[in-house]
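*Asks:* Please find query-v2.cif (mmCIF, C-alpha atoms and all ligand atoms) on the next line:
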```cif
data_my_file
loop_
_atom_site.label_atom_id
_atom_site.label_comp_id
_atom_site.auth_asym_id
_atom_site.auth_seq_id
_atom_site.Cartn_x
_atom_site.Cartn_y
_atom_site.Cartn_z
CA MET X 295 84.33 70.42 91.30
CA LYS X 296 84.68 66.92 89.97
CA ILE X 297 87.74 65.63 88.19
CA THR X 298 88.50 62.14 86.98
CA ILE X 299 91.79 60.54 87.94
CA ASN X 300 92.66 57.12 86.53
CA GLY X 301 88.95 56.52 85.92
CA LYS X 302 87.84 57.52 89.42
CA ILE X 303 85.61 60.57 89.85
CA CYS X 304 87.13 62.71 92.61
CA GLU X 305 85.87 65.75 94.50
CA ALA X 306 88.11 68.79 94.18
CA ALA X 307 87.92 72.13 95.95
CA GLU X 308 88.79 75.53 94.54
CA GLY X 309 92.53 76.15 94.92
CA GLN X 310 93.51 72.48 95.01
CA THR X 311 96.11 71.24 92.57
CA VAL X 312 95.89 67.99 90.62
CA LEU X 313 98.51 66.60 93.02
CA ASP X 314 96.42 67.56 96.08
CA VAL X 315 93.35 65.81 94.69
CA ALA X 316 95.30 62.75 93.55
CA ARG X 317 96.93 62.31 96.97
CA ALA X 318 93.66 62.85 98.79
CA ASN X 319 92.23 60.01 96.73
CA GLY X 320 95.11 57.61 97.27
CA PHE X 321 96.88 57.99 93.92
CA TYR X 322 100.66 57.99 94.00
CA ILE X 323 102.50 60.74 92.14
CA PRO X 324 106.21 61.18 92.89
CA THR X 325 107.57 64.61 93.76
CA LEU X 326 111.00 66.14 94.22
CA CYS X 327 110.63 69.92 94.34
CA TYR X 328 107.17 69.98 95.91
CA LEU X 329 106.86 70.64 99.62
CA SER X 330 103.54 71.26 101.29
CA GLY X 331 103.21 74.88 102.40
CA LEU X 332 105.70 76.25 99.86
CA THR X 333 104.93 78.01 96.60
CA PRO X 334 105.01 75.31 93.91
CA THR X 335 107.66 76.03 91.32
CA GLY X 336 107.18 73.10 88.95
CA ALA X 337 110.97 72.91 88.75
CA CYS X 338 111.68 69.20 88.58
CA ARG X 339 108.70 67.93 86.48
CA ILE X 340 108.84 64.47 88.08
CA CYS X 341 105.16 64.86 89.05
CA VAL X 342 103.97 65.08 85.43
CA VAL X 343 100.62 63.56 84.50
CA GLU X 344 98.57 63.27 81.32
CA VAL X 345 95.53 65.53 81.08
CA GLU X 346 92.97 64.80 78.38
CA GLY X 347 92.92 67.55 75.76
CA MET X 348 96.37 68.89 76.62
CA ARG X 349 99.23 68.24 74.23
CA ASN X 350 102.01 68.38 76.83
CA LEU X 351 102.36 66.54 80.09
CA VAL X 352 101.40 68.70 83.05
CA ALA X 353 103.26 69.21 86.35
CA SER X 354 100.55 68.11 88.78
CA CYS X 355 102.03 69.98 91.77
CA SER X 356 101.38 73.34 90.17
CA ALA X 357 98.39 72.59 87.91
CA PRO X 358 95.09 73.74 89.42
CA ALA X 359 92.31 71.17 89.35
CA THR X 360 89.52 72.35 87.06
CA GLU X 361 85.99 71.10 86.56
CA GLY X 362 85.74 68.04 84.32
CA MET X 363 89.51 67.44 84.07
CA VAL X 364 90.45 63.91 83.06
CA VAL X 365 93.84 62.89 84.42
CA ARG X 366 96.02 59.80 84.12
CA THR X 367 98.95 59.43 86.50
CA ASP X 368 100.61 56.24 85.33
CA THR X 369 100.55 55.87 81.53
CA GLU X 370 103.64 54.66 79.65
CA ARG X 371 104.17 58.20 78.36
CA VAL X 372 104.14 59.57 81.94
CA LEU X 373 106.52 56.88 83.20
CA ALA X 374 108.87 57.43 80.24
CA ALA X 375 108.99 61.15 81.01
CA ARG X 376 109.75 60.48 84.68
CA ARG X 377 112.45 57.99 83.72
CA PHE X 378 114.02 60.56 81.41
CA ILE X 379 114.00 63.20 84.17
CA VAL X 380 115.75 60.83 86.59
CA GLU X 381 118.29 59.95 83.88
CA LEU X 382 118.99 63.65 83.39
CA LEU X 383 119.42 64.16 87.13
CA VAL X 384 121.78 61.23 87.61
CA SER X 385 123.81 62.19 84.52
CA CYS X 386 125.68 64.77 86.60
CA HIS X 387 125.25 63.12 90.00
CA PRO X 388 128.24 61.65 91.87
CA LEU X 389 126.42 58.29 92.31
CA ASP X 390 128.40 57.54 95.46
CA CYS X 391 125.36 55.98 97.09
CA MET X 392 127.49 53.37 98.89
CA THR X 393 128.96 56.02 101.16
CA CYS X 394 126.36 58.79 100.89
CA GLU X 395 124.76 59.71 104.22
CA LYS X 396 121.37 59.97 102.54
CA THR X 397 121.27 56.40 101.24
CA GLY X 398 118.00 54.75 102.26
CA ASP X 399 116.29 58.11 102.71
CA CYS X 400 117.06 59.68 99.31
CA THR X 401 114.16 60.56 97.02
CA LEU X 402 116.35 60.46 93.91
CA GLN X 403 117.65 57.02 94.82
CA ASN X 404 114.11 55.79 95.47
CA LEU X 405 112.91 57.16 92.15
CA ALA X 406 115.78 55.55 90.24
CA TYR X 407 114.89 52.23 91.90
CA GLU X 408 111.18 52.64 91.25
CA LEU X 409 111.64 53.63 87.60
CA GLY X 410 114.42 51.14 86.87
CA VAL X 411 117.08 53.74 86.11
CA THR X 412 120.40 51.96 86.66
CA ALA X 413 122.63 54.46 84.90
CA SER X 414 122.17 57.54 82.81
CA THR X 415 122.18 57.18 79.04
CA MET X 416 123.76 60.64 78.93
CA VAL X 417 127.42 61.22 79.60
CA GLY X 418 128.63 64.71 80.22
CA GLU X 419 130.08 67.22 82.60
CA LYS X 420 129.95 66.60 86.36
CA TYR X 421 130.17 69.08 89.18
CA ASP X 422 133.40 69.39 91.08
CA TYR X 423 132.55 71.56 94.07
CA PRO X 424 134.52 71.22 97.30
CA VAL X 425 132.38 69.72 100.07
CA ASP X 426 131.78 72.36 102.75
CA TYR X 427 132.44 71.09 106.29
CA SER X 428 133.17 74.56 107.63
CA ASN X 429 130.29 74.86 110.09
CA PRO X 430 129.45 72.51 112.98
CA PHE X 431 125.91 71.62 111.88
CA ILE X 432 125.42 71.22 108.14
CA VAL X 433 127.52 69.45 105.51
CA ARG X 434 126.96 71.05 102.10
CA ASP X 435 127.83 68.91 99.09
CA TYR X 436 126.49 70.73 96.04
CA ASN X 437 127.82 68.02 93.73
CA LYS X 438 124.66 66.18 94.78
CA CYS X 439 122.27 69.12 94.47
CA ILE X 440 119.40 68.60 92.02
CA LEU X 441 118.33 72.26 92.18
CA CYS X 442 114.85 71.51 93.44
CA LEU X 443 115.26 74.72 95.50
CA LYS X 444 113.31 73.42 98.45
CA CYS X 445 116.13 74.64 100.70
CA VAL X 446 115.93 78.15 99.25
CA ARG X 447 112.17 78.26 99.59
CA VAL X 448 112.01 76.99 103.19
CA CYS X 449 114.73 79.47 104.13
CA ASN X 450 112.90 82.35 102.44
CA GLU X 451 109.22 81.50 102.71
CA ILE X 452 109.00 79.55 105.97
CA GLN X 453 111.87 80.76 108.11
CA GLY X 454 112.06 84.23 106.56
CA ILE X 455 115.84 84.27 106.83
CA GLU X 456 116.83 84.55 103.15
CA ALA X 457 120.34 83.24 103.78
CA ILE X 458 120.53 81.35 100.48
CA LYS X 459 119.54 81.93 96.87
CA THR X 460 120.67 80.63 93.50
CA ILE X 461 123.73 82.08 91.84
CA GLN X 462 125.12 81.69 88.28
CA ARG X 463 123.13 80.38 85.32
CA GLY X 464 122.67 77.17 83.31
CA PHE X 465 124.79 74.17 84.35
CA ASP X 466 126.67 76.40 86.82
CA THR X 467 123.52 77.32 88.73
CA LYS X 468 124.19 76.73 92.39
CA VAL X 469 122.51 77.33 95.74
CA ALA X 470 124.67 79.72 97.73
CA THR X 471 124.78 82.56 100.19
CA ALA X 472 125.37 86.08 98.93
CA TYR X 473 128.86 86.11 97.36
CA ASP X 474 129.03 82.34 98.00
CA THR X 475 130.50 82.77 101.47
CA PRO X 476 130.37 80.00 104.11
CA LEU X 477 127.02 79.76 105.89
CA GLN X 478 128.48 81.01 109.15
CA GLU X 479 129.38 84.29 107.45
CA SER X 480 125.83 84.77 106.16
CA ASN X 481 122.66 85.53 108.10
CA CYS X 482 121.93 81.79 108.40
CA VAL X 483 120.60 80.93 111.88
CA PHE X 484 121.31 77.19 111.48
CA CYS X 485 117.73 76.13 112.00
CA GLY X 486 118.51 73.22 109.67
CA GLN X 487 115.20 73.58 107.87
CA CYS X 488 117.06 73.33 104.56
CA VAL X 489 118.56 69.99 105.64
CA GLN X 490 115.15 68.59 106.50
CA ALA X 491 113.79 69.74 103.13
CA CYS X 492 116.67 68.42 101.00
CA PRO X 493 115.52 65.29 99.14
CA VAL X 494 119.08 64.14 98.33
CA GLY X 495 122.49 64.13 100.02
CA ALA X 496 123.38 67.74 99.21
CA LEU X 497 122.58 68.92 102.74
CA THR X 498 123.11 66.53 105.63
CA GLU X 499 123.46 66.75 109.41
CA ARG X 500 127.13 66.88 110.28
CA LYS X 501 126.69 65.26 113.68
CA ALA X 502 124.83 62.31 112.14
CA LYS X 503 127.70 61.43 109.82
CA GLY X 504 128.57 57.76 110.05
CA LEU X 505 126.24 57.08 112.98
CA GLY X 506 123.69 54.95 111.15
CA ARG X 507 121.64 54.39 108.05
CA ALA X 508 117.96 55.34 107.80
CA TRP X 509 116.90 51.69 107.99
CA GLU X 510 118.97 51.13 111.14
CA THR X 511 117.23 53.85 113.08
CA ARG X 512 113.81 54.07 114.64
CA LYS X 513 111.90 57.29 115.19
CA VAL X 514 110.57 58.29 118.60
CA ARG X 515 108.27 61.27 118.81
CA THR X 516 108.83 63.63 121.69
CA THR X 517 108.55 67.27 122.77
CA CYS X 518 111.53 69.63 122.55
CA PRO X 519 112.83 70.37 126.06
CA TYR X 520 114.27 73.80 125.30
CA CYS X 521 111.40 76.28 125.67
CA GLY X 522 107.72 76.47 126.37
CA VAL X 523 106.55 76.28 122.74
CA GLY X 524 106.51 72.49 122.85
CA CYS X 525 107.78 71.77 119.34
CA GLN X 526 107.28 68.20 118.22
CA LEU X 527 110.46 66.30 117.43
CA GLU X 528 111.39 62.93 116.09
CA LEU X 529 114.47 61.42 117.62
CA HIS X 530 116.21 59.10 115.16
CA LEU X 531 117.67 56.43 117.41
CA LYS X 532 120.14 53.69 116.64
CA GLY X 533 119.88 51.49 119.68
CA GLU X 534 119.64 54.09 122.42
CA GLN X 535 121.83 56.70 120.73
CA ILE X 536 120.37 59.78 119.04
CA VAL X 537 121.65 59.91 115.47
CA LYS X 538 119.76 63.07 114.55
CA ILE X 539 116.60 65.05 115.25
CA THR X 540 113.96 66.14 112.77
CA ALA X 541 110.70 68.01 113.19
CA VAL X 542 107.36 66.22 112.97
CA GLU X 543 106.05 67.42 109.60
CA ASP X 544 102.34 67.58 110.33
CA GLY X 545 102.32 68.19 114.07
CA ALA X 546 101.32 71.41 115.86
CA PRO X 547 102.72 73.74 117.06
CA ASN X 548 105.85 73.77 114.90
CA LYS X 549 104.47 72.01 111.78
CA GLY X 550 107.81 70.66 110.62
CA ARG X 551 109.96 73.57 111.79
CA LEU X 552 112.66 73.77 114.43
CA CYS X 553 115.25 76.20 115.72
CA VAL X 554 118.95 75.48 115.99
CA LYS X 555 118.68 74.33 119.60
CA GLY X 556 115.81 71.94 119.01
CA ARG X 557 117.41 70.35 115.96
CA PHE X 558 121.10 70.33 116.78
CA GLY X 559 121.45 71.03 120.50
CA TYR X 560 121.16 67.53 121.91
CA ASP X 561 124.81 66.77 122.77
CA PHE X 562 124.21 67.69 126.41
CA ILE X 563 122.34 64.41 126.82
CA TYR X 564 125.64 62.57 126.54
CA SER X 565 127.72 65.13 128.48
CA GLU X 566 129.89 63.62 131.18
CA ASP X 567 129.36 66.80 133.18
CA ARG X 568 125.67 66.11 133.47
CA LEU X 569 124.36 65.66 137.03
CA THR X 570 122.88 62.23 137.49
CA THR X 571 122.39 62.31 141.25
CA PRO X 572 121.60 65.09 143.77
CA LEU X 573 124.61 66.80 145.35
CA ILE X 574 124.71 68.35 148.83
CA ARG X 575 127.31 70.96 149.67
CA GLU X 576 129.15 70.20 152.91
CA ASN X 577 132.20 72.07 154.16
CA GLY X 578 132.61 73.81 150.81
CA SER X 579 132.45 70.73 148.60
CA PHE X 580 129.73 68.58 147.10
CA ARG X 581 128.89 65.02 148.04
CA GLU X 582 126.42 62.71 146.33
CA ALA X 583 123.10 62.15 148.08
CA SER X 584 119.87 60.22 147.56
CA TRP X 585 116.76 62.06 146.34
CA ASN X 586 115.07 61.46 149.73
CA GLU X 587 117.99 63.00 151.62
CA ALA X 588 118.19 65.99 149.26
CA LEU X 589 114.44 66.68 149.34
CA ASP X 590 114.33 66.33 153.15
CA LEU X 591 117.13 68.87 153.40
CA VAL X 592 115.30 71.36 151.16
CA ALA X 593 112.02 70.87 153.05
CA ASN X 594 113.73 71.42 156.41
CA LYS X 595 115.46 74.59 155.13
CA PHE X 596 112.10 75.90 153.89
CA LYS X 597 110.53 75.18 157.30
CA GLN X 598 113.39 76.96 159.03
CA ILE X 599 113.05 80.07 156.81
CA ILE X 600 109.26 80.15 157.27
CA ALA X 601 109.65 79.86 161.05
CA GLU X 602 112.22 82.64 161.17
CA SER X 603 110.92 85.06 158.53
CA GLY X 604 107.50 83.92 157.28
CA PRO X 605 106.49 82.29 153.98
CA ASP X 606 106.95 85.46 151.92
CA ALA X 607 110.68 85.15 152.53
CA ILE X 608 110.57 82.36 149.96
CA ALA X 609 109.98 82.73 146.21
CA GLY X 610 109.81 80.19 143.41
CA VAL X 611 110.77 80.54 139.75
CA SER X 612 109.61 77.81 137.39
CA CYS X 613 111.59 76.79 134.36
CA ALA X 614 110.47 77.40 130.79
CA ARG X 615 111.62 73.89 129.94
CA SER X 616 109.02 72.45 132.28
CA ILE X 617 105.74 71.22 130.93
CA ASN X 618 102.54 73.08 131.89
CA GLU X 619 101.58 70.41 134.39
CA ASP X 620 104.88 70.79 136.27
CA SER X 621 104.52 74.58 136.33
CA TYR X 622 100.99 74.16 137.68
CA GLN X 623 102.22 71.86 140.44
CA MET X 624 105.04 74.24 141.28
CA GLN X 625 102.65 77.18 141.87
CA LYS X 626 100.33 74.88 143.84
CA LEU X 627 103.21 73.85 146.10
CA PHE X 628 104.23 77.45 146.73
CA ARG X 629 100.72 78.80 147.27
CA ALA X 630 99.04 75.93 149.11
CA VAL X 631 101.93 74.33 150.99
CA ILE X 632 104.48 77.06 151.57
CA GLY X 633 101.89 79.84 151.73
CA THR X 634 103.31 82.49 149.43
CA ASN X 635 102.23 84.01 146.14
CA ASN X 636 105.85 84.79 145.28
CA ILE X 637 106.01 82.79 142.10
CA ASP X 638 107.37 83.60 138.68
CA HIS X 639 108.43 81.98 135.43
CA CYS X 640 111.77 82.49 133.77
CA ALA X 641 110.25 82.97 130.30
CA ARG X 642 108.35 86.09 131.51
CA THR X 643 111.44 88.31 131.43
FE1 LIG G 701 106.08 68.93 90.62
FE2 LIG G 701 108.70 69.10 90.99
S1 LIG G 701 107.24 68.03 92.17
S2 LIG G 701 107.52 69.87 89.36
#
```
Translate the structure of the given file into structure tokens.
Ligand code: FES

*Replies:*
Amino acid sequence: MKITINGKICEAAEGQTVLDVARANGFYIPTLCYLSGLTPTGACRICVVEVEGMRNLVASCSAPATEGMVVRTDTERVLAARRFIVELLVSCHPLDCMTCEKTGDCTLQNLAYELGVTASTMVGEKYDYPVDYSNPFIVRDYNKCILCLKCVRVCNEIQGIEAIKTIQRGFDTKVATAYDTPLQESNCVFCGQCVQACPVGALTERKAKGLGRAWETRKVRTTCPYCGVGCQLELHLKGEQIVKITAVEDGAPNKGRLCVKGRFGYDFIYSEDRLTTPLIRENGSFREASWNEALDLVANKFKQIIAESGPDAIAGVSCARSINEDSYQMQKLFRAVIGTNNIDHCART
């Protein structure tokens, strides 16, 4: 198919939306409720565009591209509609951006800046929900929720957990667990996918609170050390300290997803109980040793066992946290150097 966007003729494939084609061709269209891989709901309407021959503006994230479509993404009518949507959203928003954890990384804030919305022209009711600090991972402040429902959809469609849905109707509509209980009393597994999807400060990482603004941190891509899947992470570092961890959105194998350990289980890095040097047990207690001394000791013990009982008296178990190359080297050491096939991997059980 061919469609025209802002005067440019663009190729479009069956099943692509106007937003897909526009982005593939370098045209900017803002989004709030859209998230790649989720069913588009067209809930926020910030992505509206003008389509020739259509009376109303069209939500580009859910409008299929059709042959011969003529689209404009940046007319005054489109920008006025987007401005009005942001004004509606901020009319019941706390606007505490000075202290909000999301400042600098907030889509609503960025849109208000981009569209020149300094305050809402509408004055009305505001939410007055208590902020939920009751679990160790996620702060839930539904006074800031814009009901884009990305959190609900990632929980249901991506993670398959279905811990949250919307409750009530109209202005009182709210994202909640069944019977509005705390997350820890629901079937939430604290993967934090909802936090990563939230475009505003309604869901934030509890452990990141006060540790640094988005512009103060740098992202370092790495591989999760917890299991053999090899999920791709981004460490958000302020100096050398981890402020939070997010999943790499477009990287295999996890494609933007993480489990509770990968996302929130990094405190051990700073544990004072962590071993930083080899320890050798002597007379019932441990003493610090150099790596050379510790490895020599292990090698000599292996030699002693082999001499007394043969190589099959030794077995090796590799760790699921090790990378493939380390596991390969481990089996090579046991087979070629020690002379036994007694090898196993802890993830096999
Ligand atoms: Fe299209 Fe929300 S991003 S309607």

*Asks:* What residues of the protein or nucleic acid chains come within 12 Å of ligand LIG 701 (chain G) when you use all atoms listed in the file? Reply as number ranges by chain.

*Replies:* X: 311-314, 323-330, 332-343, 351-357, 376, 379-380, 401-402, 440-444, 493

*Asks:* Would you mind telling me which residue in X:Val631, X:Cys445, X:Cys394, X:Cys400 lies nearest to Gly504 (chain X) when using only C-alpha atoms?

*Replies:*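 Looking only at the distances to Gly504 (chain X), the closest residue turns out to be X:Cys394.
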
*Asks:* For CA of Leu383 (chain X) and CA of Cys449 (chain X), quote the distance in Å rounded to one decimal.

*Replies:* 23.4 Å

*Asks:* Would you pick out the contacts of Ala457 (chain X) at 9 Å or less, using all atoms listed in the file, so that residues sharing its chain but fewer than 3 positions from it are not included, and give the list as a ChimeraX atom specification?

*Replies:* /X:446,449-450,454,470-472,477,480-483

*Asks:* Using only C-alpha atoms, which residue out of X:Ala374, X:Val537, X:Val448, X:Val494 lies closest to Leu389 (chain X)?

*Replies:*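 Of all the options, X:Val494 lies closest to Leu389 (chain X).
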
*Asks:* Please measure the separation of CA of Leu552 (chain X) and CA of Thr475 (chain X), giving the value in Å to one decimal.

*Replies:* 23.8 Å

*Asks:* Between X:Ile608, X:Asn319, X:Thr571, X:Tyr622, which one has atoms that come closest to Asn636 (chain X), using all atoms listed in the file?

*Replies:*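 That would be X:Ile608, the residue with the smallest distance to Asn636 (chain X).
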
*Asks:* Return the single residue from X:Ile297, X:Ile600, X:Ser385, X:Ser579 that is closest to Gly633 (chain X), with distances computed using all atoms listed in the file.

*Replies:*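 Ranking X:Ile297, X:Ile600, X:Ser385, X:Ser579 by distance to Gly633 (chain X), first place goes to X:Ile600.
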
*Asks:* Of the candidates X:Glu582, X:Glu381, X:Glu395, X:Asp435, which one gets nearest to Thr412 (chain X) if we count only C-alpha atoms?

*Replies:*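 Closest residue, counting only C-alpha atoms: X:Glu381.
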
*Asks:* Which residue out of X:Ile563, X:Val315, X:Ala607, X:Ala496 has the minimum interatomic distance to Met363 (chain X) when all atoms listed in the file are used?

*Replies:*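 Looking at the shortest contact to Met363 (chain X), the residue is X:Val315.
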
*Asks:* If you count only C-alpha atoms, which residues fall within 10 Å of Ser584 (chain X), apart from same-chain ones fewer than 4 positions away, as a PyMOL selection string?

*Replies:* chain X and resi 571-574+588-590

*Asks:* Would you mind listing what lies within 10 Å of Thr298 (chain X) as an mmCIF file with C-alpha atoms, in the coordinates of the input, with all atoms listed in the file counted and same-chain residues fewer than 4 positions away left out?

*Replies:*
```cif
data_model
loop_
_atom_site.group_PDB
_atom_site.id
_atom_site.type_symbol
_atom_site.label_atom_id
_atom_site.label_comp_id
_atom_site.auth_asym_id
_atom_site.auth_seq_id
_atom_site.Cartn_x
_atom_site.Cartn_y
_atom_site.Cartn_z
ATOM 1 C CA LYS X 302 87.840 57.520 89.420
ATOM 2 C CA ILE X 303 85.610 60.570 89.850
ATOM 3 C CA CYS X 304 87.130 62.710 92.610
ATOM 4 C CA GLU X 305 85.870 65.750 94.500
ATOM 5 C CA ALA X 306 88.110 68.790 94.180
ATOM 6 C CA VAL X 315 93.350 65.810 94.690
ATOM 7 C CA ALA X 316 95.300 62.750 93.550
ATOM 8 C CA VAL X 345 95.530 65.530 81.080
ATOM 9 C CA GLU X 361 85.990 71.100 86.560
ATOM 10 C CA GLY X 362 85.740 68.040 84.320
ATOM 11 C CA MET X 363 89.510 67.440 84.070
ATOM 12 C CA VAL X 364 90.450 63.910 83.060
ATOM 13 C CA VAL X 365 93.840 62.890 84.420
ATOM 14 C CA ARG X 366 96.020 59.800 84.120
#
```

*Asks:* One number please: CA of Ala546 (chain X) to CA of Val523 (chain X), in Å, one decimal.

*Replies:*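 Here the two named atoms are 9.9 Å from each other.
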
*Asks:* Residues near Thr467 (chain X), anyone? I mean within 12 Å using all atoms listed in the file, not counting same-chain ones fewer than 3 positions away, as a ChimeraX atom specification.

*Replies:* /X:421,423,436-437,439-443,459-464,470,474

*Asks:* May I have the centre and edge lengths, in Å to one decimal, of an axis-aligned box around the listed atoms of region 390-409 of chain X with 5 Å added to every side, as JSON?

*Replies:*
```
{"center_x": 120.1, "center_y": 56.4, "center_z": 95.9, "size_x": 27.8, "size_y": 18.3, "size_z": 26.6}
```

*Asks:* Some atoms are missing, so please complete region 476-495 of chain X with N, CA, C and O atoms and return it as a compact mmCIF listing (two decimals), in the frame of the given file.

*Replies:*
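Heads up, here's the output in part-v3.txt:
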```txt
# COMPACT_ATOMS: atom_id res chain seq x y z
N PRO X 476 130.84 81.08 103.24
CA PRO X 476 130.37 80.00 104.11
C PRO X 476 129.10 80.42 104.86
O PRO X 476 128.90 81.62 105.11
N LEU X 477 128.29 79.44 105.22
CA LEU X 477 127.02 79.76 105.89
C LEU X 477 127.21 80.61 107.14
O LEU X 477 126.43 81.49 107.44
N GLN X 478 128.28 80.30 107.87
CA GLN X 478 128.48 81.01 109.15
C GLN X 478 128.82 82.48 108.95
O GLN X 478 128.80 83.25 109.90
N GLU X 479 129.13 82.86 107.72
CA GLU X 479 129.38 84.29 107.45
C GLU X 479 128.15 84.96 106.85
O GLU X 479 128.19 86.12 106.47
N SER X 480 127.07 84.20 106.70
CA SER X 480 125.83 84.77 106.16
C SER X 480 124.88 85.02 107.33
O SER X 480 125.25 84.87 108.49
N ASN X 481 123.62 85.35 107.01
CA ASN X 481 122.66 85.53 108.10
C ASN X 481 121.93 84.23 108.45
O ASN X 481 120.88 84.25 109.09
N CYS X 482 122.50 83.10 108.04
CA CYS X 482 121.93 81.79 108.40
C CYS X 482 121.86 81.65 109.92
O CYS X 482 122.81 82.02 110.62
N VAL X 483 120.73 81.12 110.42
CA VAL X 483 120.60 80.93 111.88
C VAL X 483 120.73 79.44 112.24
O VAL X 483 120.49 79.05 113.37
N PHE X 484 121.08 78.63 111.27
CA PHE X 484 121.31 77.19 111.48
C PHE X 484 120.10 76.48 112.08
O PHE X 484 120.24 75.64 112.95
N CYS X 485 118.93 76.85 111.58
CA CYS X 485 117.73 76.13 112.00
C CYS X 485 117.70 74.74 111.40
O CYS X 485 116.99 73.86 111.88
N GLY X 486 118.45 74.54 110.31
CA GLY X 486 118.51 73.22 109.67
C GLY X 486 117.28 72.86 108.87
O GLY X 486 117.11 71.72 108.44
N GLN X 487 116.41 73.86 108.63
CA GLN X 487 115.20 73.58 107.87
C GLN X 487 115.54 73.14 106.44
O GLN X 487 114.86 72.30 105.86
N CYS X 488 116.62 73.70 105.91
CA CYS X 488 117.06 73.33 104.56
C CYS X 488 117.49 71.87 104.52
O CYS X 488 117.26 71.17 103.53
N VAL X 489 118.10 71.39 105.60
CA VAL X 489 118.56 69.99 105.64
C VAL X 489 117.35 69.06 105.64
O VAL X 489 117.31 68.06 104.92
N GLN X 490 116.35 69.43 106.45
CA GLN X 490 115.15 68.59 106.50
C GLN X 490 114.43 68.57 105.15
O GLN X 490 113.84 67.56 104.77
N ALA X 491 114.51 69.67 104.41
CA ALA X 491 113.79 69.74 103.13
C ALA X 491 114.54 69.05 102.00
O ALA X 491 113.94 68.62 101.02
N CYS X 492 115.85 68.94 102.11
CA CYS X 492 116.67 68.42 101.00
C CYS X 492 116.31 66.97 100.70
O CYS X 492 116.40 66.11 101.57
N PRO X 493 115.93 66.67 99.45
CA PRO X 493 115.52 65.29 99.14
C PRO X 493 116.70 64.37 98.81
O PRO X 493 116.52 63.17 98.62
N VAL X 494 117.89 64.94 98.68
CA VAL X 494 119.08 64.14 98.33
C VAL X 494 120.18 64.39 99.36
O VAL X 494 119.92 64.92 100.43
N GLY X 495 121.40 64.00 99.04
CA GLY X 495 122.49 64.13 100.02
C GLY X 495 123.26 65.43 99.92
O GLY X 495 124.39 65.50 100.40
```
